[in-house]
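Source file: data.txt. Holds: compact mmCIF, C-alpha atoms.
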```
# COMPACT_ATOMS: atom_id res chain seq x y z
CA MET A 1 75.62 -116.77 -138.48
CA LYS A 2 77.31 -119.78 -136.87
CA CYS A 3 77.46 -119.36 -133.08
CA GLY A 4 79.19 -121.27 -130.30
CA ILE A 5 78.16 -121.12 -126.64
CA VAL A 6 80.90 -122.06 -124.19
CA VAL A 7 79.91 -124.30 -121.28
CA PHE A 8 82.10 -124.19 -118.17
CA PRO A 9 81.30 -126.09 -114.98
CA GLY A 10 79.09 -123.53 -113.25
CA SER A 11 77.84 -121.67 -116.34
CA ASN A 12 74.13 -120.99 -115.80
CA CYS A 13 73.16 -118.59 -118.59
CA ASP A 14 74.41 -120.89 -121.33
CA HIS A 15 70.93 -122.23 -122.13
CA ASP A 16 69.48 -118.71 -122.24
CA CYS A 17 72.10 -117.66 -124.80
CA TYR A 18 71.53 -120.85 -126.80
CA HIS A 19 67.75 -120.34 -126.75
CA ILE A 20 67.97 -116.73 -127.93
CA LEU A 21 70.48 -117.35 -130.71
CA LYS A 22 68.98 -120.61 -131.98
CA HIS A 23 65.23 -120.28 -131.40
CA VAL A 24 64.58 -116.53 -131.25
CA MET A 25 67.20 -115.22 -133.68
CA ASP A 26 67.10 -118.42 -135.79
CA GLN A 27 70.89 -118.88 -136.07
CA GLU A 28 72.97 -122.05 -136.28
CA THR A 29 74.16 -122.56 -132.70
CA HIS A 30 76.48 -125.13 -131.12
CA TRP A 31 77.73 -125.93 -127.63
CA LEU A 32 81.46 -125.60 -126.92
CA TRP A 33 82.61 -127.77 -124.02
CA HIS A 34 85.30 -126.19 -121.84
CA LYS A 35 87.55 -129.28 -121.97
CA ASP A 36 87.75 -129.35 -125.77
CA GLU A 37 90.15 -127.55 -128.01
CA VAL A 38 88.11 -126.85 -131.12
CA ASN A 39 88.93 -125.39 -134.50
CA LEU A 40 86.60 -122.40 -134.53
CA GLU A 41 87.46 -121.29 -138.08
CA SER A 42 83.94 -121.90 -139.39
CA PHE A 43 82.30 -119.93 -136.54
CA ASP A 44 81.20 -116.30 -136.67
CA LEU A 45 80.55 -115.76 -132.98
CA VAL A 46 81.60 -117.31 -129.69
CA VAL A 47 79.64 -116.41 -126.55
CA LEU A 48 81.02 -116.85 -123.04
CA PRO A 49 77.85 -116.91 -120.93
CA GLY A 50 77.14 -115.80 -117.38
CA GLY A 51 77.24 -117.98 -114.31
CA PHE A 52 79.77 -119.01 -111.71
CA SER A 53 82.48 -120.85 -113.63
CA TYR A 54 84.46 -123.03 -111.22
CA GLY A 55 82.40 -121.61 -108.36
CA ASP A 56 84.08 -118.22 -108.79
CA TYR A 57 86.83 -119.66 -106.57
CA LEU A 58 89.84 -117.41 -106.00
CA ARG A 59 88.39 -114.71 -108.30
CA ALA A 60 85.55 -114.79 -110.82
CA GLY A 61 86.93 -116.23 -114.05
CA ALA A 62 90.40 -116.94 -112.62
CA ILE A 63 90.25 -120.73 -113.08
CA ALA A 64 88.11 -120.80 -116.23
CA ARG A 65 90.77 -118.91 -118.16
CA PHE A 66 93.02 -121.98 -118.05
CA SER A 67 90.40 -124.22 -119.75
CA PRO A 68 91.49 -125.81 -123.05
CA ILE A 69 88.66 -124.04 -124.95
CA ILE A 70 90.25 -120.69 -124.03
CA ASN A 71 93.26 -121.53 -126.23
CA SER A 72 90.88 -122.03 -129.16
CA ILE A 73 89.03 -118.79 -128.37
CA THR A 74 92.27 -116.81 -128.09
CA ARG A 75 93.34 -118.03 -131.54
CA PHE A 76 89.85 -117.31 -132.90
CA ALA A 77 89.94 -113.77 -131.46
CA GLU A 78 93.43 -113.12 -132.81
CA GLU A 79 92.17 -113.99 -136.27
CA GLY A 80 89.33 -111.48 -135.94
CA GLY A 81 86.55 -113.82 -134.79
CA LYS A 82 83.82 -112.16 -132.74
CA VAL A 83 83.70 -112.99 -129.05
CA LEU A 84 80.98 -111.81 -126.67
CA GLY A 85 81.42 -112.24 -122.91
CA ILE A 86 78.37 -111.67 -120.73
CA CYS A 87 78.73 -111.19 -116.96
CA ASN A 88 80.89 -114.15 -115.84
CA GLY A 89 81.98 -114.44 -119.48
CA PHE A 90 83.20 -110.82 -119.27
CA GLN A 91 85.10 -111.69 -116.09
CA VAL A 92 86.74 -114.64 -117.90
CA LEU A 93 87.77 -112.43 -120.87
CA LEU A 94 89.38 -109.95 -118.47
CA GLU A 95 91.24 -112.70 -116.63
CA CYS A 96 92.48 -114.06 -120.00
CA GLY A 97 93.79 -110.65 -120.94
CA LEU A 98 91.62 -110.57 -124.07
CA LEU A 99 90.04 -107.43 -122.61
CA PRO A 100 91.65 -104.71 -120.46
CA GLY A 101 90.86 -104.01 -116.80
CA ALA A 102 89.28 -106.07 -114.03
CA LEU A 103 85.99 -106.52 -112.17
CA ILE A 104 85.81 -106.17 -108.41
CA GLN A 105 83.10 -106.49 -105.77
CA ASN A 106 80.17 -104.07 -106.12
CA GLN A 107 80.60 -100.87 -104.14
CA SER A 108 77.49 -101.76 -102.09
CA ARG A 109 78.98 -105.21 -101.28
CA LYS A 110 75.63 -106.66 -102.33
CA PHE A 111 74.60 -108.95 -105.14
CA ILE A 112 72.53 -106.70 -107.42
CA CYS A 113 69.76 -108.15 -109.57
CA LYS A 114 67.65 -105.55 -111.35
CA ASN A 115 66.95 -103.80 -114.63
CA VAL A 116 69.35 -100.98 -115.47
CA PHE A 117 69.73 -98.60 -118.38
CA VAL A 118 72.79 -98.41 -120.58
CA CYS A 119 73.70 -95.98 -123.34
CA ILE A 120 75.78 -96.86 -126.35
CA ASP A 121 79.16 -95.18 -126.13
CA ASN A 122 80.37 -96.53 -129.44
CA PRO A 123 77.60 -97.30 -131.97
CA ASP A 124 80.20 -98.11 -134.60
CA THR A 125 81.05 -101.71 -133.68
CA SER A 126 79.69 -105.05 -134.89
CA PHE A 127 78.03 -105.45 -131.46
CA THR A 128 76.20 -102.10 -131.56
CA GLN A 129 75.85 -101.08 -135.20
CA ASP A 130 72.07 -101.57 -135.24
CA CYS A 131 71.50 -99.61 -132.02
CA GLY A 132 71.73 -96.15 -133.53
CA GLU A 133 73.03 -93.12 -131.66
CA ASN A 134 71.47 -91.87 -128.44
CA ARG A 135 69.67 -95.17 -127.95
CA VAL A 136 69.17 -96.23 -124.33
CA LEU A 137 68.73 -99.95 -123.65
CA GLU A 138 67.03 -101.45 -120.62
CA ILE A 139 68.91 -104.63 -119.70
CA PRO A 140 69.04 -106.57 -116.41
CA ILE A 141 72.18 -107.03 -114.36
CA ALA A 142 72.77 -109.84 -111.84
CA HIS A 143 76.20 -109.80 -110.24
CA HIS A 144 78.31 -109.41 -107.14
CA GLN A 145 81.66 -108.68 -108.78
CA GLY A 146 80.62 -106.22 -111.46
CA SER A 147 82.42 -103.05 -110.56
CA TYR A 148 84.70 -102.34 -113.50
CA TYR A 149 88.18 -101.10 -112.59
CA ILE A 150 91.02 -99.79 -114.71
CA ASP A 151 93.58 -97.13 -113.79
CA PRO A 152 92.65 -93.56 -114.87
CA LEU A 153 95.31 -93.34 -117.59
CA SER A 154 94.20 -96.61 -119.21
CA LEU A 155 90.56 -95.51 -118.96
CA SER A 156 91.25 -92.39 -121.01
CA GLU A 157 93.10 -94.56 -123.54
CA LEU A 158 90.02 -96.81 -123.80
CA GLU A 159 87.83 -93.75 -124.30
CA GLU A 160 90.11 -92.34 -126.99
CA ASN A 161 90.13 -95.67 -128.83
CA GLY A 162 86.35 -96.01 -128.66
CA GLN A 163 86.72 -99.17 -126.56
CA VAL A 164 84.06 -98.17 -124.02
CA ILE A 165 80.95 -99.68 -125.58
CA PHE A 166 78.25 -99.28 -122.88
CA ARG A 167 77.85 -97.02 -119.83
CA TYR A 168 75.21 -97.19 -117.11
CA CYS A 169 72.80 -94.26 -117.34
CA ASP A 170 69.27 -93.15 -116.41
CA THR A 171 66.18 -93.57 -118.60
CA SER A 172 67.09 -90.50 -120.65
CA GLY A 173 70.69 -91.53 -121.18
CA ASN A 174 72.37 -89.29 -118.57
CA VAL A 175 75.46 -90.85 -117.04
CA SER A 176 75.88 -89.97 -113.36
CA ALA A 177 76.90 -91.44 -110.01
CA GLU A 178 73.20 -92.05 -109.22
CA SER A 179 72.72 -94.22 -112.31
CA ASN A 180 75.89 -96.24 -111.65
CA PRO A 181 74.67 -99.41 -109.90
CA ASN A 182 77.98 -100.92 -108.81
CA GLY A 183 80.72 -98.29 -108.60
CA SER A 184 82.32 -99.00 -112.00
CA VAL A 185 84.92 -96.40 -113.01
CA GLY A 186 83.42 -94.07 -115.63
CA SER A 187 80.10 -95.97 -115.22
CA VAL A 188 81.55 -98.51 -117.67
CA ALA A 189 79.17 -101.41 -118.35
CA GLY A 190 80.92 -102.92 -121.37
CA VAL A 191 84.31 -102.68 -123.09
CA ALA A 192 85.91 -104.02 -126.26
CA ASN A 193 89.47 -104.77 -127.31
CA LYS A 194 91.28 -102.40 -129.65
CA GLN A 195 90.16 -104.28 -132.75
CA LYS A 196 86.53 -104.28 -131.46
CA ASN A 197 86.01 -107.97 -132.22
CA VAL A 198 86.00 -108.97 -128.53
CA MET A 199 83.43 -107.37 -126.22
CA GLY A 200 82.48 -107.97 -122.62
CA MET A 201 79.51 -106.57 -120.72
CA MET A 202 77.99 -107.03 -117.27
CA PRO A 203 74.30 -106.59 -118.28
CA HIS A 204 72.53 -109.68 -119.66
CA PRO A 205 71.13 -109.02 -123.18
CA GLU A 206 70.03 -112.68 -123.45
CA ARG A 207 67.59 -112.11 -120.57
CA CYS A 208 65.69 -109.47 -122.52
CA ALA A 209 65.66 -110.83 -126.07
CA ASP A 210 62.65 -113.17 -126.12
CA PRO A 211 59.35 -111.40 -127.07
CA LEU A 212 57.61 -113.64 -124.50
CA LEU A 213 59.28 -111.55 -121.79
CA SER A 214 58.05 -108.25 -123.31
CA ASN A 215 61.37 -106.40 -123.12
CA THR A 216 63.43 -107.18 -126.22
CA ASP A 217 66.12 -104.48 -125.90
CA GLY A 218 68.83 -107.14 -125.71
CA GLN A 219 67.96 -108.46 -129.18
CA ILE A 220 69.60 -105.48 -130.83
CA ILE A 221 73.07 -106.67 -129.79
CA PHE A 222 72.53 -110.10 -131.33
CA GLN A 223 70.83 -108.48 -134.34
CA SER A 224 73.86 -106.22 -134.86
CA LEU A 225 76.13 -109.26 -134.91
CA ILE A 226 73.86 -111.02 -137.40
CA SER A 227 73.74 -107.94 -139.69
CA ASN A 228 77.52 -107.82 -139.53
CA SER A 229 78.16 -111.49 -140.33
CA MET B 1 108.89 -125.56 -97.26
CA LEU B 2 105.83 -123.43 -96.68
CA ALA B 3 104.94 -120.35 -98.72
CA GLN B 4 102.85 -117.81 -96.82
CA ILE B 5 101.27 -115.55 -99.42
CA HIS B 6 99.34 -112.32 -98.95
CA VAL B 7 97.28 -110.89 -101.80
CA THR B 8 95.85 -107.40 -101.32
CA PHE B 9 94.29 -104.68 -103.44
CA LYS B 10 96.62 -102.17 -105.01
CA GLU B 11 96.54 -98.56 -103.89
CA GLY B 12 93.62 -96.75 -105.52
CA VAL B 13 91.42 -99.83 -106.05
CA LEU B 14 88.15 -99.57 -104.18
CA ASP B 15 87.94 -102.09 -101.32
CA PRO B 16 84.29 -101.93 -100.15
CA GLN B 17 84.83 -104.66 -97.53
CA GLY B 18 87.81 -102.84 -96.06
CA LYS B 19 85.86 -99.57 -96.00
CA THR B 20 82.94 -101.17 -94.15
CA VAL B 21 85.19 -102.78 -91.54
CA HIS B 22 87.04 -99.48 -91.18
CA HIS B 23 83.77 -97.69 -90.36
CA ALA B 24 82.67 -100.46 -88.02
CA LEU B 25 85.94 -100.21 -86.06
CA ASN B 26 85.60 -96.41 -85.84
CA ASP B 27 82.01 -96.85 -84.62
CA LEU B 28 83.23 -99.23 -81.92
CA GLY B 29 85.46 -96.46 -80.60
CA TYR B 30 88.73 -97.43 -82.30
CA GLU B 31 89.22 -93.94 -83.65
CA GLU B 32 92.92 -94.54 -84.31
CA VAL B 33 91.99 -96.81 -87.26
CA LEU B 34 92.95 -94.87 -90.39
CA ASP B 35 92.47 -97.49 -93.08
CA VAL B 36 91.59 -101.17 -93.51
CA ASN B 37 92.66 -103.27 -96.48
CA ILE B 38 91.18 -106.76 -96.69
CA GLY B 39 92.95 -109.34 -98.78
CA LYS B 40 93.60 -113.06 -99.06
CA TYR B 41 96.06 -115.23 -97.18
CA LEU B 42 97.24 -118.48 -98.75
CA GLU B 43 99.52 -121.19 -97.37
CA ILE B 44 101.13 -123.46 -99.92
CA LYS B 45 103.15 -126.52 -98.95
CA LEU B 46 106.06 -127.04 -101.29
CA ASP B 47 108.49 -129.78 -102.16
CA SER B 48 111.20 -127.52 -103.56
CA ALA B 49 114.87 -128.34 -103.99
CA SER B 50 116.02 -124.96 -102.71
CA GLU B 51 114.74 -121.65 -101.40
CA GLU B 52 115.92 -119.92 -104.60
CA GLU B 53 113.87 -122.29 -106.73
CA ALA B 54 110.82 -121.89 -104.45
CA GLU B 55 111.14 -118.10 -104.64
CA ILE B 56 111.04 -118.16 -108.47
CA ARG B 57 108.21 -120.69 -108.67
CA VAL B 58 105.98 -119.02 -106.06
CA ARG B 59 106.41 -115.66 -107.78
CA GLU B 60 105.29 -117.33 -111.02
CA MET B 61 102.25 -118.87 -109.28
CA CYS B 62 101.25 -115.47 -107.93
CA GLU B 63 101.61 -113.74 -111.28
CA GLN B 64 99.91 -116.48 -113.26
CA LEU B 65 96.98 -117.38 -111.02
CA LEU B 66 96.92 -116.33 -107.37
CA ALA B 67 96.82 -112.57 -107.90
CA ASN B 68 95.24 -110.50 -110.65
CA THR B 69 98.03 -107.98 -111.03
CA VAL B 70 95.67 -105.45 -112.66
CA ILE B 71 94.08 -104.88 -109.24
CA GLU B 72 96.10 -106.86 -106.70
CA SER B 73 99.63 -106.96 -105.39
CA PHE B 74 101.20 -109.89 -103.56
CA ARG B 75 104.00 -110.61 -101.13
CA PHE B 76 105.18 -113.85 -99.63
CA THR B 77 107.59 -115.42 -97.22
CA LEU B 78 109.09 -118.89 -97.34
CA VAL B 79 109.25 -120.83 -94.11
CA PRO B 80 111.35 -124.01 -93.80
CA THR B 81 109.39 -127.05 -92.57
CA ASP B 82 110.56 -130.50 -91.49
```
Whole structure, C-alpha cells version:
Amino acid sequence: MKCGIVVFPGSNCDHDCYHILKHVMDQETHWLWHKDEVNLESFDLVVLPGGFSYGDYLRAGAIARFSPIINSITRFAEEGGKVLGICNGFQVLLECGLLPGALIQNQSRKFICKNVFVCIDNPDTSFTQDCGENRVLEIPIAHHQGSYYIDPLSLSELEENGQVIFRYCDTSGNVSAESNPNGSVGSVAGVANKQKNVMGMMPHPERCADPLLSNTDGQIIFQSLISNS
Amino acid sequence: MLAQIHVTFKEGVLDPQGKTVHHALNDLGYEEVLDVNIGKYLEIKLDSASEEEAEIRVREMCEQLLANTVIESFRFTLVPTD
C-alpha cells in the first residue's frame, strides 16, 4: 500500500503515523507537504495527522483547509482514494466539507488525554473490515475540540447510511453518557462520507499500533486498509 | 470602512463556556441571567469602493472562513471610517 502523510505547520502526530505505516506495518510511505499540489493517483491512502495545524487559530482546521495539498486530496477523494483524518486531521476534513458535521470544545472545557474505548458501528468499511463485529478497541484520545456535533436530522441520516464508524463506549461495548468523554452527539467518535472512502476519527490509532507500547488495538485500522488495498 | 463581525453558536449547539459563565453569574447573585452565549468578535478594516460591495465581500468572508456555518451564525455591521 502506498501511503502519504500530510505535514501542515503545527502537525505533531505526523512522525507517529509515518513510523507506524512505514516501520511497523512495512508499507511504502511518503511525506506530503502542505504547500504542494501533488498528483496522488499512485497513492492508496492519504493520512491527515493530529496536531495543531496553523495553531488552531480561528477554529481547528479552519486555515489548513485552504492549503494547496487540500485541492489534491479533494480530487483524490472524489476519485475514490482513501483518506484517513486523525484528531486535527478529522477537524480539517470537516472544515473542508469532505466529512459532515463539526467539532466543538469538549463539554468539560478541558483538554482530555486518556485511553478510551470505542466500538465499531460499521464493520463493513475499508477502515474497519478486519475488526470483526462486537469488537471494542482501546485507543487514546488527546483533544480540546473533540465534541462531535451535527443536527439531529443529519445524525439519523448518517446512522441510516452506515456513516457512523466508531462510538465511545465502556470496556464491554455499552454506549452511554458515562462512557462519552467529550459530549459528542450520539457518542460519535468517527464518521465517514457516504462512499466510505474518507473517514475521520478523534481517537489516535497511531499511538497504539507499535508492539513496543503493548497496546496494539490501533493496528487493526491500518491492517484493514492494507487488506483492502 | 470597518466591518464589526460577531460570530456565535447556533441555537442548539452546546456552548460549554457560555454555560459555565452563566452558572458563575447566577452564583454571584445575578439571578436574572437566563442564558449566556459566548462567541467571537472581529474587526476588519476595509478599503472598499462602496458599502454595497463591502456588504457582499464581508458576507463571503464570513461564509468562507470566519464562521463555520454548520455550528455558527454571524452578523456584522459596516462603520464608515475616515
- Which value, in Å to one decimal, gives the distance between atom CA of A:Asn174 and atom CA of A:Phe117?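 That distance, rounded to one decimal, is 9.7 Å.
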- Query: Near A:Gly89, within 8 Å and counting only C-alpha atoms, which residues show up once chain neighbours fewer than 2 positions away are dropped, as a ChimeraX atom specification?
  - Reply: /A:47-51,61,84-87,91-93,200
- Rank B:Ile38, B:Val7, B:Val33, B:Leu25 by their smallest atom-to-atom distance to B:Phe74, using all atoms listed in the file, and report the top residue only.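 Looking at the shortest contact to B:Phe74, the residue is B:Val7.
The space between atom CA of B:Pro80 and atom CA of B:Leu46 spans 9.7 Å.
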- At a cut-off of 12 Å from (83.1, -105.7, -96.7) in the coordinates of the file, what residues are picked up using only C-alpha atoms, written as JSON, numbers by chain? {"A": [105, 106, 107, 108, 109, 110], "B": [14, 15, 16, 17, 18, 19, 20, 21, 22, 23, 24, 36, 37, 38, 39]}
- Message: Using Å and a single decimal, report how far atom CA of B:Lys10 sits from atom CA of A:Arg65.
- Response: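 Pair atom CA of A:Arg65 / atom CA of B:Lys10 returns 22.1 Å.
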- Message: Which polymer residues, whether protein, DNA or RNA, lie within 12 Å of the coordinate (104.8, -119.5, -102.7) when you count only C-alpha atoms? List them as a PyMOL selection string, using the chain letters and numbers from the file.
- Response: chain B and resi 1-7+41-48+51-63+65-67+74-80
Take stretch 189-200 of chain A, bring it up to all heavy atoms, and give me the output as a PDB file, in the frame of the given file.
```
ATOM      1  N   ALA A 189      79.942-100.170-118.438  1.00  0.00           N
ATOM      2  CA  ALA A 189      79.170-101.410-118.350  1.00  0.00           C
ATOM      3  C   ALA A 189      79.657-102.456-119.352  1.00  0.00           C
ATOM      4  O   ALA A 189      79.354-103.638-119.221  1.00  0.00           O
ATOM      5  CB  ALA A 189      77.698-101.123-118.597  1.00  0.00           C
ATOM      6  N   GLY A 190      80.422-101.985-120.371  1.00  0.00           N
ATOM      7  CA  GLY A 190      80.920-102.920-121.370  1.00  0.00           C
ATOM      8  C   GLY A 190      82.106-102.331-122.110  1.00  0.00           C
ATOM      9  O   GLY A 190      82.105-101.139-122.421  1.00  0.00           O
ATOM     10  N   VAL A 191      83.126-103.152-122.362  1.00  0.00           N
ATOM     11  CA  VAL A 191      84.310-102.680-123.090  1.00  0.00           C
ATOM     12  C   VAL A 191      84.685-103.674-124.192  1.00  0.00           C
ATOM     13  O   VAL A 191      84.326-104.842-124.134  1.00  0.00           O
ATOM     14  CB  VAL A 191      85.558-102.485-122.188  1.00  0.00           C
ATOM     15  CG1 VAL A 191      85.341-101.401-121.171  1.00  0.00           C
ATOM     16  CG2 VAL A 191      85.974-103.776-121.508  1.00  0.00           C
ATOM     17  N   ALA A 192      85.428-103.170-125.164  1.00  0.00           N
ATOM     18  CA  ALA A 192      85.910-104.020-126.260  1.00  0.00           C
ATOM     19  C   ALA A 192      87.426-103.944-126.315  1.00  0.00           C
ATOM     20  O   ALA A 192      88.038-103.068-125.685  1.00  0.00           O
ATOM     21  CB  ALA A 192      85.312-103.552-127.582  1.00  0.00           C
ATOM     22  N   ASN A 193      88.025-104.866-127.064  1.00  0.00           N
ATOM     23  CA  ASN A 193      89.470-104.770-127.310  1.00  0.00           C
ATOM     24  C   ASN A 193      89.701-103.700-128.384  1.00  0.00           C
ATOM     25  O   ASN A 193      88.754-103.136-128.916  1.00  0.00           O
ATOM     26  CB  ASN A 193      90.033-106.139-127.736  1.00  0.00           C
ATOM     27  CG  ASN A 193      89.411-106.650-129.030  1.00  0.00           C
ATOM     28  OD1 ASN A 193      88.381-106.155-129.486  1.00  0.00           O
ATOM     29  ND2 ASN A 193      90.041-107.645-129.623  1.00  0.00           N
ATOM     30  N   LYS A 194      90.955-103.459-128.696  1.00  0.00           N
ATOM     31  CA  LYS A 194      91.280-102.400-129.650  1.00  0.00           C
ATOM     32  C   LYS A 194      90.658-102.652-131.018  1.00  0.00           C
ATOM     33  O   LYS A 194      90.184-101.734-131.685  1.00  0.00           O
ATOM     34  CB  LYS A 194      92.808-102.308-129.808  1.00  0.00           C
ATOM     35  CG  LYS A 194      93.355-101.048-129.168  1.00  0.00           C
ATOM     36  CD  LYS A 194      94.802-100.833-129.535  1.00  0.00           C
ATOM     37  CE  LYS A 194      95.364 -99.732-128.652  1.00  0.00           C
ATOM     38  NZ  LYS A 194      96.754 -99.899-128.336  1.00  0.00           N
ATOM     39  N   GLN A 195      90.668-103.923-131.420  1.00  0.00           N
ATOM     40  CA  GLN A 195      90.160-104.280-132.750  1.00  0.00           C
ATOM     41  C   GLN A 195      88.639-104.312-132.791  1.00  0.00           C
ATOM     42  O   GLN A 195      88.047-104.471-133.851  1.00  0.00           O
ATOM     43  CB  GLN A 195      90.729-105.635-133.187  1.00  0.00           C
ATOM     44  CG  GLN A 195      92.235-105.706-133.369  1.00  0.00           C
ATOM     45  CD  GLN A 195      92.994-105.694-132.042  1.00  0.00           C
ATOM     46  OE1 GLN A 195      92.483-106.120-130.995  1.00  0.00           O
ATOM     47  NE2 GLN A 195      94.227-105.191-132.043  1.00  0.00           N
ATOM     48  N   LYS A 196      87.997-104.275-131.613  1.00  0.00           N
ATOM     49  CA  LYS A 196      86.530-104.280-131.460  1.00  0.00           C
ATOM     50  C   LYS A 196      85.885-105.596-131.915  1.00  0.00           C
ATOM     51  O   LYS A 196      84.689-105.593-132.260  1.00  0.00           O
ATOM     52  CB  LYS A 196      85.862-103.115-132.218  1.00  0.00           C
ATOM     53  CG  LYS A 196      86.579-101.783-132.175  1.00  0.00           C
ATOM     54  CD  LYS A 196      86.351-101.071-130.887  1.00  0.00           C
ATOM     55  CE  LYS A 196      86.920 -99.673-130.814  1.00  0.00           C
ATOM     56  NZ  LYS A 196      88.129 -99.379-131.545  1.00  0.00           N
ATOM     57  N   ASN A 197      86.649-106.681-131.902  1.00  0.00           N
ATOM     58  CA  ASN A 197      86.010-107.970-132.220  1.00  0.00           C
ATOM     59  C   ASN A 197      85.756-108.791-130.964  1.00  0.00           C
ATOM     60  O   ASN A 197      85.121-109.841-131.015  1.00  0.00           O
ATOM     61  CB  ASN A 197      86.846-108.766-133.234  1.00  0.00           C
ATOM     62  CG  ASN A 197      88.195-109.159-132.672  1.00  0.00           C
ATOM     63  OD1 ASN A 197      88.884-108.326-132.072  1.00  0.00           O
ATOM     64  ND2 ASN A 197      88.580-110.410-132.839  1.00  0.00           N
ATOM     65  N   VAL A 198      86.265-108.315-129.814  1.00  0.00           N
ATOM     66  CA  VAL A 198      86.000-108.970-128.530  1.00  0.00           C
ATOM     67  C   VAL A 198      85.316-107.947-127.630  1.00  0.00           C
ATOM     68  O   VAL A 198      85.825-106.842-127.468  1.00  0.00           O
ATOM     69  CB  VAL A 198      87.297-109.471-127.860  1.00  0.00           C
ATOM     70  CG1 VAL A 198      86.995-110.155-126.526  1.00  0.00           C
ATOM     71  CG2 VAL A 198      88.061-110.412-128.781  1.00  0.00           C
ATOM     72  N   MET A 199      84.151-108.310-127.082  1.00  0.00           N
ATOM     73  CA  MET A 199      83.430-107.370-126.220  1.00  0.00           C
ATOM     74  C   MET A 199      82.902-108.093-124.988  1.00  0.00           C
ATOM     75  O   MET A 199      82.442-109.229-125.075  1.00  0.00           O
ATOM     76  CB  MET A 199      82.276-106.738-127.001  1.00  0.00           C
ATOM     77  CG  MET A 199      81.780-105.408-126.451  1.00  0.00           C
ATOM     78  SD  MET A 199      80.424-105.543-125.299  1.00  0.00           S
ATOM     79  CE  MET A 199      79.061-105.781-126.407  1.00  0.00           C
ATOM     80  N   GLY A 200      83.019-107.418-123.855  1.00  0.00           N
ATOM     81  CA  GLY A 200      82.480-107.970-122.620  1.00  0.00           C
ATOM     82  C   GLY A 200      81.558-106.966-121.977  1.00  0.00           C
ATOM     83  O   GLY A 200      81.788-105.757-122.054  1.00  0.00           O
TER      84      GLY A 200
END
```
